[in-house]
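What follows is a short report on a single structure.
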Amino acid sequence: MRTAEQITSDIPPASPGPARAPVPAGPQERTAHERLDELSAVKESAREGPDPSATQRQHARNKLTPLERIDLLLDEGSFTEIESLRRHRATTFGLERRRPYSDGVVTGWGTVHGRTVFVYAHDFRIFGGALGEAHAAKIHKIMDLAVEAGAPLVSLNDGAGARIQEGVTALAGYGGIFERNTRASGVIPQISVILGPCAGGAAYSPALTDFVFMVRETAQMFITGPDVVQAVTGEQVTHNGLGGADVHASTSGVAHFAYDDEASCLEDVRFLLSLLPSNNRELPPVEPCEDPADRRVEGLLDLVPADPQRAYDMTAVIEQLVDDGEYFEVQPAWATNVVCALARLGGRVVGIVANQPASLAGVLDIPASEKASRFVQFCDAFNIPLVTLVDVPGFLPGVGQEHGGIIRHGAKLLYAYCNATVPRISVVVRKAYGGAYIVMDSRSIGADLSLAWPTNEIAVMGAEGAANVIFRREIAASDDPEAVREQKIKEYRTELMHPFYAAERGLVDDVIDPRETRAVLIRSLAMLRAKHTDLPSRKHGNPPL
């Protein structure tokens, strides 16, 4: 097949001159049918890419082409491409002789589960997916359209950064993308899918979006590559060891999800989109629910031990509560001491934040505070009600945490909850101690409803620690310090930590049967559905970033 360049080289150059009336087609002129054939050939060439060997090399790396990826992401036959004939206009370093159509990025829109979604996909076969002026202009266009249409934007990243041959013009193109990412934040959902290299300035766009998906082995994301790292610091590291999917999903927290292949990755992108509204003016989509709203959850009584020192898996509690036991956990491999998940209750989407006793006893630390605060902020931006399941012994003590800024990072979660105007319900499952109790959406910071199970222990600290502080002299002076200590622990627990203490003082709205939790949550969320809260008039707040 002839390339696009060979096809277009046959087109005679347009001659300048005044407009003239149509004349009958002569032997050198082309008919409309011939022009359409020419257009079809050019577009077919653009779709197939620069040459078959480039596609073979892409497949040999276990990577798909842009259109193959888009076909997996969008509903069948729904994709409409724009600016497929765009070409760069650079004339330096031989670029004037290499002007492929699309300029290395495919842009357009389609549908996911029948709802409009905008997408752009880098084409690694063309200039390694590197961004130049025309390439950036196409992305700017599709981002602007997504905001104007009020529909989610998905970027399929597989590019080598800025196109060096175009110099600072390419860098300016990235600036335009970052500015649009920021303007669209909280207006439309933005999802980044890393399917190949995403290095240098290119890595900042995914960092500005709501969710980042990565594929193991083929996807890497870093500011400076292994060669630069070794030259500057002497450290030797592989591409995946520096910025692979598992590194960012479990160590840095940059990525929210990691997958073994592109198909499963893009399938979960579709599932995530099914849980999100198209924009901040809409509510999340509602689905019919066959799971009874008043279903009693008998299994909860056996899942959660009454002893506050014993661990259990909070995700098992979530599974029991939500519709059909199905939830979508966000960042499951990072900051595992807090669980953030999207699920449905009565067919309606909710965001769930829960301490995880099976990891670090569910304590709040720097990563957990950052993870939960960003999730709370996202849910609030897109009208997703928040359900908080509390079982927290406090903030993690230690020099490393204090020097790392646990005060500032913990304040992020506090700020996110206090600033949220969506319906907010907290359930104290078991222990809730100290400042961590306040931060986990307590009644005092604006939770609409605060519920508790009979196993709740709400206090400044655990009974053991409190007894050691209050009665330390009495314990030290006794003939049997250990016996006196145990007695004082029981006294403190009986006096200040019994299940009804907080309810008696109005800090808990009700102490409920754990088996009724699902029914109570669904009824309460229905009551709060029309909630409206006005924030103070201001340009924006100044959170502890």
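In the structure tokens, each chain is lettered A, B, ... as it comes, each chain's residues begin at 1, and ligands are numbered from 1 in order of appearance.
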Q. In stretch 388-442 of chain A, what's strand (DSSP E or B) per DSSP? Answer as a ChimeraX atom specification?
A. /A:388-392,395,424-433
Q) So which bits of stretch 186-430 of chain A end up alpha helix (DSSP H) when you DSSP the backbone, as a count of residues only? A) 83
Q | Pairwise distance for atom CA of A:Ala381 and atom CA of A:Ala151, rounded to one decimal in Å | A |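 Atom CA of A:Ala381 sits 14.5 Å away from atom CA of A:Ala151.
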Q | Shell around stretch 65-77 of chain A at 6 Å using only C-alpha atoms, local window under 5 positions removed, as a VMD selection string | A | chain A and resid 111 to 112 121 123 266
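Computed from the coordinates, the atom CA of A:Pro543 to atom CA of A:Gly176 distance equals 25.1 Å.
Residues with any atom within 10 Å of A:His248, counting only C-alpha atoms and excluding same-chain neighbours fewer than 2 positions away, are Val212, Phe213, Met214, Gln220, Met221, Phe222, Asn240, Gly241, Leu242, Gly243, Gly244, Ala245, Asp246, Ser250, Thr251, Ser252, Gly253, Val254, Ala255, His256, Phe257, Ala258, Gln331, Ala333 and Trp334 of chain A.
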